Amino acid sequence: MRIPLIFVLIITILPVQAQDYFLKQYEPYDEAIPSPEAFLGYGIGEYHTRHDRIVHYLETLAEASENADIETYGYTHEKRKLVMLRVSEPGKLQNIEALQRQHLAFTDPAQSADPQTDLPIFVQLGYNVHGNEPSSSEAALLSAYILVASKHPVIQRFRREAVIFIDPTINPDGRDRHTQWANSYRGTPLVSDPQDAEHNEYFPGGRTNHYWFDLNRDWLLAINPESRGKLEWYHKWYPNVVTDFHEMGSQSTYFFEPMKANGSLNPIMPKENYEDLNTLFGSYFSKSLDSIGSLYFTKEVFDGTYPGYGSSYPDLQGGLGLLFEQASSRGHAQKTPFGEITFPFTIRNQLVSSMTTVKAAVENKALLRTYQKDFFKSGLKNAGGTKIGAYRVEEKYDKNRLKAFIDKLLIHKIEVYKEGEDAIVIPTRQPQYRMVQTFFETYETYRDSVFYDASAWSVANFYNMKYSPLRSFDPGERITDIEDLYPVAAVPYSEYAYLIDWQDYNAPAMLYHLQSKGLVLSSAFKPFTTSVGGVEKSFAPGTLVLPVSLQQKTPEEVHKLLKEAQDTFRVPSFAVASGYHLKGVDLGSRYSRPLQQPKAAVLIGEGVRSYEAGEVWHLLDTRVHMPITKIPLRDFRGTNLDHYNTLVMVSGRYSWNDSEKERIREWISKGNTLITIGGASSTAIENKWVKEELVETVKDSSQQITRLPYGDAEENLGKESVGGVILRINLDLTHPLAFGYTNSQIPVYKNNEVWLKPSKNPYATVGQYAENAHIDGYLSAKNRKDFLDKSASLLVGGQGRGRVVLFADNPNFRGSWYGTNRLFLNALFLGDHIRVPE
């Protein structure tokens, strides 16, 4: 019983007003520099600190001391500043550009940099990527003050031998959402009852950013401005050590690396990273936490297999990423079986680990420099040992999707070269070889079958890129920017009609824009060939038709609006002078169907998976530039659904009563479109809005139960979950949901256990898993046999004059699945013309 007693004493020790709890160890301090308590007017841990006050305090430190300066590296969706405080000796800060150049020499295999140099080590302390894990940003304030103001010999050494970058809040939008919640419900005296509102946020909670994205999964995918700003900063500095501070359940203690063993059979990060350096730094953390009596654990969970975490991305850039997880007070104080855990206690552990990180980095400068130098050299060596000299990516029809993919390569500093007008080449022999592997290599065999997160992340498949390995290649022009890449010919004037290529990723955005300007367009539901500028040209199903004479605007106004839209969205568009086509349907065919403008809503609120809802919102907001109404479930009863022609439901728990179920069924029957994703597709089937079925396991009652060790239960059960796998489906290219695709086989992303049975209606199964469906990621043999081989990915079910589009998989996963966004957007824009033939 001694250990729990010690734990209780520590987490209830000292009122927060006694700042000695945090700061005494590093006295004395420069009296001209205000402490966090003096600046804020309250002690750290008494309240949750707003992001603007955090930034203001760091700006105050930079103004008050020559030991610090500050830069803004970006802005969030809600226009909050993303800042980085630099701390070192004044002379080093004044000479920072020269130090930067010397430091970057260790990332260049062509240069011979000496690891024994007196060059300072570069340490980046990153905090609060999950907004409702708030202790770390408070620790950032304390760390900044200690590192800037302390006159203690240890801190003076840190400033002498290191440049320390402090990113106090990686996710300001989420943090402020949670800060407002926690402070609003703070009681006096504090209420530690876990059932109190203070400890239980409502949807969507503060974990995520403005669009409800988990920014700790976005380092690789770089969808959000917070991540893009951080990556642009990162590749200017390549810090040797990077911290990633988090919180976990209140019933736990504290976690630091080493992590659970990497799930990959042959991890692409060097063994020196995840074994030698992690173990070395772990010895420092254990000693420092032992000294204050904190309990902790290592190695059990939190694998670093996925390369897009804040604690794993640096591992692929010659640095050491370090994860910390603190048991959360989820407010200011909360009861646990071991006593009361307080906000100040959680902050103290994070502070201690912050200072220990700097200590370990400073005391192992030469080792870290040697590792960084060898990392990029070994990348080139590894590339030279493979038979693959490059990857060739070809995309003839959709240059905007190709440009988006190239942009993703460039932000990770991967070298890309043009090959003609339709292809690019990515050489393997380059310093960022390990990132090239991350983009293109796929895996099926793993050391471990249970993953903390996704087990598949080959980015080329996210973008539905057709790629192939090359033994050798002749590099063409190197691509360094996408702005003027693949220009689109300006559409000439016509008084008859215009055709817009639906195969382009930006076509839905252009369609919505033109509809918003009062133009009426139709979609060709059959292919055709016509004359464009005297040249025969074929057009695929889905091609948009803009007839000039049917508009309520003059031909000149129509052309001006189209030209402005094309300048914005860069979608190939063509003028035609006749409706008579050389092959296929004519312009006035009954297969050319007028499109109504989508009026869409998505259900949100308690029980709804905020990630998936946010992905829908983000896609329409940022790429289609189309509003979507977000209807909270608590308001559903009073919502007039007749204002919408499309309703989106994502995975979640929907507690419908019978009248609400009937109301949705009647709304669909009127001719509207319900789009369901993942778990919501199960809901649609269970509520009988469609006559479709789920695949169910048939249990063999005669099969003998095998006795298994209890200690293996968690691992055995966990391996049957589908954490994230890339699968191949066969598309019916004649179906409107597949318009714009040129290949009947495309990759999809599955991170759920929703398995749809192929429809009994022969025309309703739009996408079915291919015979050899697996592309990348872990999927158990049981899931393959019992579910995958019997399932469909995309169905359409009829209900009266309307329809339900059922996605088993997530077409908008993490804002990155450019390859399947089109399936979702087709449902949105073409849904009113989709029929389910009986």
# chains A, B, ... in the order shown; residues from 1 in each chain; ligands from 1
call {"tool": "residues_around", "arguments": {"residues": "segment 82-86 of chain A", "least_positions_apart": "6", "cutoff": "7 Å", "atoms": "only C-alpha atoms", "output": "short mmCIF file (atom, residue, chain, number, x, y, z; two decimals) with N, CA, C and O atoms, in the first residue's frame"}}
result
data_model
loop_
_atom_site.label_atom_id
_atom_site.label_comp_id
_atom_site.auth_asym_id
_atom_site.auth_seq_id
_atom_site.Cartn_x
_atom_site.Cartn_y
_atom_site.Cartn_z
N LEU A 58 4.65 34.92 -24.01
CA LEU A 58 5.90 34.61 -24.71
C LEU A 58 6.43 35.85 -25.42
O LEU A 58 7.66 36.07 -25.48
N ALA A 68 15.75 35.50 -25.61
CA ALA A 68 14.62 34.94 -26.36
C ALA A 68 14.21 35.85 -27.50
O ALA A 68 14.34 37.08 -27.41
N ASP A 69 13.72 35.25 -28.55
CA ASP A 69 12.97 35.98 -29.58
C ASP A 69 11.83 35.09 -30.04
O ASP A 69 11.76 33.90 -29.71
N ILE A 70 10.91 35.65 -30.79
CA ILE A 70 9.69 34.93 -31.13
C ILE A 70 9.35 35.15 -32.59
O ILE A 70 9.63 36.21 -33.16
N GLU A 71 8.78 34.12 -33.21
CA GLU A 71 8.33 34.22 -34.60
C GLU A 71 6.93 33.62 -34.72
O GLU A 71 6.54 32.76 -33.94
N THR A 72 6.19 34.09 -35.70
CA THR A 72 4.89 33.53 -36.03
C THR A 72 5.08 32.64 -37.25
O THR A 72 5.54 33.10 -38.29
N TYR A 73 4.74 31.36 -37.12
CA TYR A 73 4.96 30.45 -38.25
C TYR A 73 3.67 30.08 -38.97
O TYR A 73 3.71 29.34 -39.96
N GLY A 74 2.55 30.61 -38.54
CA GLY A 74 1.30 30.32 -39.23
C GLY A 74 0.11 30.81 -38.45
O GLY A 74 0.24 31.45 -37.39
N TYR A 75 -1.07 30.50 -39.00
CA TYR A 75 -2.33 30.84 -38.35
C TYR A 75 -3.27 29.65 -38.47
O TYR A 75 -3.22 28.88 -39.44
N VAL A 163 19.92 25.58 -28.71
CA VAL A 163 18.88 26.51 -29.15
C VAL A 163 17.57 25.77 -28.94
O VAL A 163 17.36 24.69 -29.50
N ILE A 164 16.72 26.33 -28.10
CA ILE A 164 15.49 25.66 -27.70
C ILE A 164 14.31 26.39 -28.32
O ILE A 164 14.16 27.61 -28.15
N PHE A 165 13.49 25.66 -29.06
CA PHE A 165 12.31 26.21 -29.72
C PHE A 165 11.08 25.74 -28.94
O PHE A 165 10.86 24.54 -28.78
N ILE A 166 10.28 26.68 -28.47
CA ILE A 166 9.09 26.34 -27.69
C ILE A 166 7.85 26.67 -28.50
O ILE A 166 7.59 27.84 -28.81
N ASP A 167 7.11 25.64 -28.88
CA ASP A 167 5.81 25.79 -29.54
C ASP A 167 4.76 25.54 -28.47
O ASP A 167 4.46 24.39 -28.12
#
call {"tool": "residues_around", "arguments": {"residues": "Gly777 of chain A", "least_positions_apart": "6", "cutoff": "6 Å", "atoms": "only C-alpha atoms", "output": "compact mmCIF listing (two decimals) with all heavy atoms, in the first residue's frame"}}
result
# COMPACT_ATOMS: atom_id res chain seq x y z
N TYR A 443 2.44 -2.83 -47.42
CA TYR A 443 2.85 -3.96 -46.60
C TYR A 443 1.66 -4.85 -46.27
O TYR A 443 0.52 -4.40 -46.20
CB TYR A 443 3.49 -3.46 -45.29
CG TYR A 443 4.65 -2.54 -45.52
CD1 TYR A 443 4.47 -1.15 -45.56
CD2 TYR A 443 5.93 -3.04 -45.74
CE1 TYR A 443 5.53 -0.30 -45.79
CE2 TYR A 443 7.00 -2.18 -45.97
CZ TYR A 443 6.80 -0.81 -45.99
OH TYR A 443 7.85 0.03 -46.22
N GLU A 444 1.96 -6.11 -46.05
CA GLU A 444 0.93 -7.08 -45.68
C GLU A 444 1.32 -7.86 -44.43
O GLU A 444 0.47 -8.33 -43.69
CB GLU A 444 0.65 -8.03 -46.84
CG GLU A 444 -0.50 -8.98 -46.58
CD GLU A 444 -0.94 -9.70 -47.84
OE1 GLU A 444 -0.29 -9.54 -48.88
OE2 GLU A 444 -1.95 -10.41 -47.77
N SER A 455 -2.73 1.16 -39.82
CA SER A 455 -1.63 0.28 -40.21
C SER A 455 -1.31 0.45 -41.70
O SER A 455 -0.47 -0.26 -42.23
CB SER A 455 -1.99 -1.18 -39.93
OG SER A 455 -3.07 -1.60 -40.73
N ALA A 456 -1.99 1.38 -42.37
CA ALA A 456 -1.76 1.62 -43.80
C ALA A 456 -1.75 3.12 -44.06
O ALA A 456 -2.66 3.83 -43.61
CB ALA A 456 -2.85 0.95 -44.63
N VAL A 725 -7.00 0.10 -43.05
CA VAL A 725 -6.42 -0.75 -44.08
C VAL A 725 -6.88 -0.23 -45.44
O VAL A 725 -7.98 0.33 -45.58
CB VAL A 725 -6.86 -2.22 -43.86
CG1 VAL A 725 -8.36 -2.38 -43.95
CG2 VAL A 725 -6.15 -3.16 -44.82
call {"tool": "atom_distance", "arguments": {"atom1": "atom CA of Pro527 of chain A", "atom2": "atom CA of Lys583 of chain A"}}
result
8.4 Å
call {"tool": "residues_around", "arguments": {"residues": "segment 507-510 of chain A", "least_positions_apart": "5", "cutoff": "10 Å", "atoms": "only C-alpha atoms", "output": "VMD selection string"}}
result
chain A and resid 398 400 500 to 502 515 to 516 543 to 544 562 565 to 566 568 to 573 620 622 to 626 740 822 825 to 826 828 to 829
call {"tool": "closest_residue", "arguments": {"among": "A:Gly679, A:Gly187, A:Pro736, A:Pro758", "to": "Asp809 of chain A", "atoms": "only C-alpha atoms"}}
result
A:Gly679
call {"tool": "residues_around", "arguments": {"residues": "segment 275-290 of chain A", "least_positions_apart": "4", "cutoff": "12 Å", "atoms": "only C-alpha atoms", "output": "NGL selection string"}}
result
:A and (6-7 or 10 or 240-241 or 243 or 253-262 or 267 or 269-271 or 294-299 or 304 or 311-312 or 315 or 318-324 or 348-365 or 367-368 or 370-372)
call {"tool": "residues_around", "arguments": {"residues": "segment 211-226 of chain A", "least_positions_apart": "4", "cutoff": "8 Å", "atoms": "only C-alpha atoms", "output": "PyMOL selection string"}}
result
chain A and resi 74-77+82+129-130+170-171+204+207+230-231+307-310+313+408+459+610-611+613-615+617-618+814-816
call {"tool": "write_last_selection", "arguments": {"atoms": "C-alpha atoms", "output": "mmCIF file, in the first residue's frame"}}
result
data_model
loop_
_atom_site.group_PDB
_atom_site.id
_atom_site.type_symbol
_atom_site.label_atom_id
_atom_site.label_comp_id
_atom_site.auth_asym_id
_atom_site.auth_seq_id
_atom_site.Cartn_x
_atom_site.Cartn_y
_atom_site.Cartn_z
ATOM 1 C CA GLY A 74 1.304 30.325 -39.231
ATOM 2 C CA TYR A 75 -2.326 30.836 -38.352
ATOM 3 C CA THR A 76 -5.123 28.434 -37.521
ATOM 4 C CA HIS A 77 -8.449 28.120 -39.323
ATOM 5 C CA LEU A 82 0.988 29.865 -34.211
ATOM 6 C CA VAL A 129 -1.694 19.188 -30.087
ATOM 7 C CA HIS A 130 -4.936 17.919 -28.535
ATOM 8 C CA ILE A 170 -0.005 23.378 -31.585
ATOM 9 C CA ASN A 171 -3.829 23.379 -31.593
ATOM 10 C CA PRO A 204 -17.218 18.033 -30.365
ATOM 11 C CA ARG A 207 -9.431 17.588 -28.734
ATOM 12 C CA LYS A 230 4.631 23.499 -38.704
ATOM 13 C CA LEU A 231 6.081 21.425 -41.543
ATOM 14 C CA PRO A 307 4.642 8.051 -39.358
ATOM 15 C CA GLY A 308 2.280 11.012 -39.049
ATOM 16 C CA TYR A 309 2.393 11.660 -35.292
ATOM 17 C CA GLY A 310 4.265 14.544 -33.706
ATOM 18 C CA TYR A 313 7.449 12.220 -37.962
ATOM 19 C CA LYS A 408 2.098 16.789 -50.691
ATOM 20 C CA VAL A 459 -0.084 8.237 -49.578
ATOM 21 C CA SER A 610 -16.942 14.178 -34.900
ATOM 22 C CA TYR A 611 -13.925 13.199 -37.045
ATOM 23 C CA ALA A 613 -18.577 14.870 -39.607
ATOM 24 C CA GLY A 614 -15.651 17.292 -39.663
ATOM 25 C CA GLU A 615 -14.234 15.633 -42.766
ATOM 26 C CA TRP A 617 -17.652 19.857 -43.412
ATOM 27 C CA HIS A 618 -13.988 20.470 -44.317
ATOM 28 C CA ARG A 814 -8.726 12.639 -42.636
ATOM 29 C CA GLY A 815 -9.330 15.064 -45.484
ATOM 30 C CA SER A 816 -6.758 13.134 -47.514
#
call {"tool": "residues_around", "arguments": {"residues": "Gly45 of chain A", "least_positions_apart": "3", "cutoff": "8 Å", "atoms": "only C-alpha atoms", "output": "tab-separated table (two decimals) with C-alpha atoms, in the first residue's frame"}}
result
chain	number	residue	atom	x	y	z
A	16	VAL	CA	-0.98	26.20	-6.46
A	48	HIS	CA	-6.82	27.14	-17.75
A	138	GLU	CA	0.73	25.50	-18.90
A	332	HIS	CA	-8.96	21.46	-12.24
A	343	PHE	CA	-4.27	20.27	-12.57
A	344	PRO	CA	-1.02	21.58	-10.99
A	347	ILE	CA	1.49	20.31	-15.17
call {"tool": "closest_residue", "arguments": {"among": "A:Leu806, A:Ile33, A:Ala144, A:Ile44", "to": "Thr683 of chain A", "atoms": "only C-alpha atoms"}}
result
A:Leu806
call {"tool": "select_by_dssp", "arguments": {"residues": "segment 627-810 of chain A", "states": "helix (DSSP H, G or I)", "output": "PyMOL selection string"}}
result
chain A and resi 633-638+641-643+658-669+679-686+710-718+736-738+781-786+788-790
call {"tool": "select_by_dssp", "arguments": {"residues": "segment 301-435 of chain A", "states": "strand (DSSP E)", "output": "VMD selection string"}}
result
chain A and resid 320 to 327 333 to 336 339 to 342 390 to 394 417 to 419 423 to 427
call {"tool": "write_last_selection", "arguments": {"atoms": "N, CA and C atoms", "output": "CSV table (one decimal), in the first residue's frame"}}
result
chain,number,residue,atom,x,y,z
A,320,LEU,N,14.9,12.9,-33.0
A,320,LEU,CA,14.3,11.9,-32.1
A,320,LEU,C,13.0,12.5,-31.6
A,321,GLY,N,11.8,11.9,-31.9
A,321,GLY,CA,10.5,12.3,-31.4
A,321,GLY,C,10.2,11.6,-30.1
A,322,LEU,N,9.7,12.3,-29.2
A,322,LEU,CA,9.4,11.8,-27.9
A,322,LEU,C,8.0,12.0,-27.4
A,323,LEU,N,7.3,11.0,-27.1
A,323,LEU,CA,5.9,11.0,-26.6
A,323,LEU,C,5.8,11.0,-25.1
A,324,PHE,N,5.0,11.9,-24.6
A,324,PHE,CA,4.7,11.9,-23.2
A,324,PHE,C,3.1,11.9,-23.0
A,325,GLU,N,2.7,11.1,-22.1
A,325,GLU,CA,1.2,11.0,-21.8
A,325,GLU,C,1.0,11.1,-20.3
A,326,GLN,N,0.3,12.2,-19.9
A,326,GLN,CA,0.0,12.4,-18.5
A,326,GLN,C,-1.5,12.1,-18.2
A,327,ALA,N,-1.7,11.4,-17.1
A,327,ALA,CA,-3.1,11.2,-16.7
A,327,ALA,C,-3.7,12.5,-16.5
A,333,ALA,N,-9.5,19.5,-10.9
A,333,ALA,CA,-9.3,18.4,-9.9
A,333,ALA,C,-10.3,17.3,-10.1
A,334,GLN,N,-9.8,16.1,-10.0
A,334,GLN,CA,-10.7,15.0,-10.2
A,334,GLN,C,-10.4,13.8,-9.3
A,335,LYS,N,-11.4,13.1,-8.8
A,335,LYS,CA,-11.2,12.0,-8.0
A,335,LYS,C,-10.7,10.8,-8.8
A,336,THR,N,-9.8,10.0,-8.3
A,336,THR,CA,-9.4,8.7,-8.9
A,336,THR,C,-9.3,7.7,-7.8
A,339,GLY,N,-6.8,8.6,-5.2
A,339,GLY,CA,-6.9,9.9,-4.6
A,339,GLY,C,-7.3,11.0,-5.6
A,340,GLU,N,-7.1,12.2,-5.3
A,340,GLU,CA,-7.5,13.4,-6.1
A,340,GLU,C,-6.3,13.8,-7.0
A,341,ILE,N,-6.5,13.8,-8.3
A,341,ILE,CA,-5.5,14.3,-9.2
A,341,ILE,C,-5.8,15.8,-9.6
A,342,THR,N,-4.8,16.6,-9.4
A,342,THR,CA,-5.0,18.1,-9.6
A,342,THR,C,-4.3,18.5,-10.9
A,390,ALA,N,13.3,4.6,-59.0
A,390,ALA,CA,12.3,5.7,-59.0
A,390,ALA,C,10.9,5.1,-59.0
A,391,TYR,N,10.0,6.0,-58.7
A,391,TYR,CA,8.6,5.7,-58.9
A,391,TYR,C,8.0,6.6,-60.0
A,392,ARG,N,7.3,6.0,-60.9
A,392,ARG,CA,6.7,6.9,-62.0
A,392,ARG,C,5.2,6.9,-61.7
A,393,VAL,N,4.6,8.1,-61.7
A,393,VAL,CA,3.2,8.4,-61.4
A,393,VAL,C,2.6,9.0,-62.7
A,394,GLU,N,1.5,8.4,-63.2
A,394,GLU,CA,0.9,8.9,-64.4
A,394,GLU,C,-0.5,9.2,-64.2
A,417,TYR,N,10.2,15.1,-60.4
A,417,TYR,CA,10.6,15.6,-61.7
A,417,TYR,C,9.5,15.3,-62.7
A,418,LYS,N,9.4,16.2,-63.7
A,418,LYS,CA,8.4,16.0,-64.8
A,418,LYS,C,8.8,15.0,-65.8
A,419,GLU,N,7.9,14.2,-66.3
A,419,GLU,CA,8.1,13.3,-67.4
A,419,GLU,C,7.0,13.6,-68.4
A,423,ALA,N,3.0,12.7,-66.6
A,423,ALA,CA,3.7,11.8,-65.6
A,423,ALA,C,4.7,12.6,-64.8
A,424,ILE,N,5.0,12.1,-63.6
A,424,ILE,CA,6.1,12.6,-62.8
A,424,ILE,C,6.9,11.4,-62.3
A,425,VAL,N,8.2,11.7,-62.0
A,425,VAL,CA,9.1,10.7,-61.5
A,425,VAL,C,9.7,11.1,-60.1
A,426,ILE,N,9.7,10.2,-59.2
A,426,ILE,CA,10.2,10.5,-57.9
A,426,ILE,C,11.4,9.5,-57.6
A,427,PRO,N,12.6,10.0,-57.7
A,427,PRO,CA,13.8,9.1,-57.5
A,427,PRO,C,13.8,8.6,-56.1
call {"tool": "atom_distance", "arguments": {"atom1": "atom CA of Thr169 of chain A", "atom2": "atom CA of Glu606 of chain A"}}
result
26.2 Å
call {"tool": "residues_around", "arguments": {"residues": "Glu556 of chain A", "least_positions_apart": "5", "cutoff": "10 Å", "atoms": "only C-alpha atoms", "output": "mmCIF file with all heavy atoms, in the first residue's frame"}}
result
data_model
loop_
_atom_site.group_PDB
_atom_site.id
_atom_site.type_symbol
_atom_site.label_atom_id
_atom_site.label_comp_id
_atom_site.auth_asym_id
_atom_site.auth_seq_id
_atom_site.Cartn_x
_atom_site.Cartn_y
_atom_site.Cartn_z
ATOM 1 N N TYR A 493 -15.122 31.753 -76.637
ATOM 2 C CA TYR A 493 -16.515 32.210 -76.598
ATOM 3 C C TYR A 493 -17.405 31.317 -77.472
ATOM 4 O O TYR A 493 -16.995 30.850 -78.529
ATOM 5 C CB TYR A 493 -16.583 33.651 -77.107
ATOM 6 C CG TYR A 493 -17.967 34.228 -77.200
ATOM 7 C CD1 TYR A 493 -18.600 34.740 -76.077
ATOM 8 C CD2 TYR A 493 -18.642 34.261 -78.428
ATOM 9 C CE1 TYR A 493 -19.876 35.289 -76.170
ATOM 10 C CE2 TYR A 493 -19.918 34.807 -78.530
ATOM 11 C CZ TYR A 493 -20.529 35.307 -77.396
ATOM 12 O OH TYR A 493 -21.791 35.830 -77.478
ATOM 13 N N SER A 494 -18.617 31.052 -76.976
ATOM 14 C CA SER A 494 -19.601 30.310 -77.768
ATOM 15 C C SER A 494 -20.991 30.872 -77.481
ATOM 16 O O SER A 494 -21.280 31.258 -76.339
ATOM 17 C CB SER A 494 -19.584 28.815 -77.424
ATOM 18 O OG SER A 494 -20.642 28.138 -78.076
ATOM 19 N N GLU A 495 -21.815 30.899 -78.483
ATOM 20 C CA GLU A 495 -23.210 31.286 -78.286
ATOM 21 C C GLU A 495 -24.123 30.072 -78.231
ATOM 22 O O GLU A 495 -25.347 30.226 -78.119
ATOM 23 C CB GLU A 495 -23.662 32.231 -79.403
ATOM 24 C CG GLU A 495 -22.926 33.557 -79.390
ATOM 25 C CD GLU A 495 -23.556 34.591 -80.316
ATOM 26 O OE1 GLU A 495 -24.448 34.202 -81.116
ATOM 27 O OE2 GLU A 495 -23.179 35.765 -80.239
ATOM 28 N N VAL A 548 -26.075 27.730 -73.604
ATOM 29 C CA VAL A 548 -26.101 29.187 -73.496
ATOM 30 C C VAL A 548 -27.511 29.743 -73.636
ATOM 31 O O VAL A 548 -27.955 30.596 -72.863
ATOM 32 C CB VAL A 548 -25.168 29.819 -74.542
ATOM 33 C CG1 VAL A 548 -25.265 31.342 -74.507
ATOM 34 C CG2 VAL A 548 -23.729 29.372 -74.312
ATOM 35 N N LEU A 561 -18.719 34.577 -66.801
ATOM 36 C CA LEU A 561 -18.829 33.801 -65.568
ATOM 37 C C LEU A 561 -18.048 32.491 -65.670
ATOM 38 O O LEU A 561 -17.369 32.073 -64.714
ATOM 39 C CB LEU A 561 -20.297 33.505 -65.256
ATOM 40 C CG LEU A 561 -21.132 34.695 -64.778
ATOM 41 C CD1 LEU A 561 -22.598 34.299 -64.695
ATOM 42 C CD2 LEU A 561 -20.638 35.179 -63.409
ATOM 43 N N LEU A 562 -18.122 31.847 -66.826
ATOM 44 C CA LEU A 562 -17.412 30.588 -67.016
ATOM 45 C C LEU A 562 -15.905 30.811 -66.995
ATOM 46 O O LEU A 562 -15.154 30.045 -66.379
ATOM 47 C CB LEU A 562 -17.838 29.938 -68.332
ATOM 48 C CG LEU A 562 -17.138 28.621 -68.684
ATOM 49 C CD1 LEU A 562 -17.378 27.572 -67.606
ATOM 50 C CD2 LEU A 562 -17.617 28.102 -70.037
#
call {"tool": "closest_residue", "arguments": {"among": "A:Ala140, A:Lys236, A:Pro194, A:Lys691", "to": "Arg101 of chain A", "atoms": "only C-alpha atoms"}}
result
A:Lys236
call {"tool": "atom_distance", "arguments": {"atom1": "atom CA of Asp635 of chain A", "atom2": "atom CA of Glu660 of chain A"}}
result
12.0 Å
call {"tool": "closest_residue", "arguments": {"among": "A:Val148, A:Ala738, A:Val532, A:Ala110", "to": "Thr60 of chain A", "atoms": "only C-alpha atoms"}}
result
A:Val148
call {"tool": "closest_residue", "arguments": {"among": "A:Ser250, A:Asn506, A:Ser759, A:Ser669", "to": "Leu619 of chain A", "atoms": "only C-alpha atoms"}}
result
A:Asn506
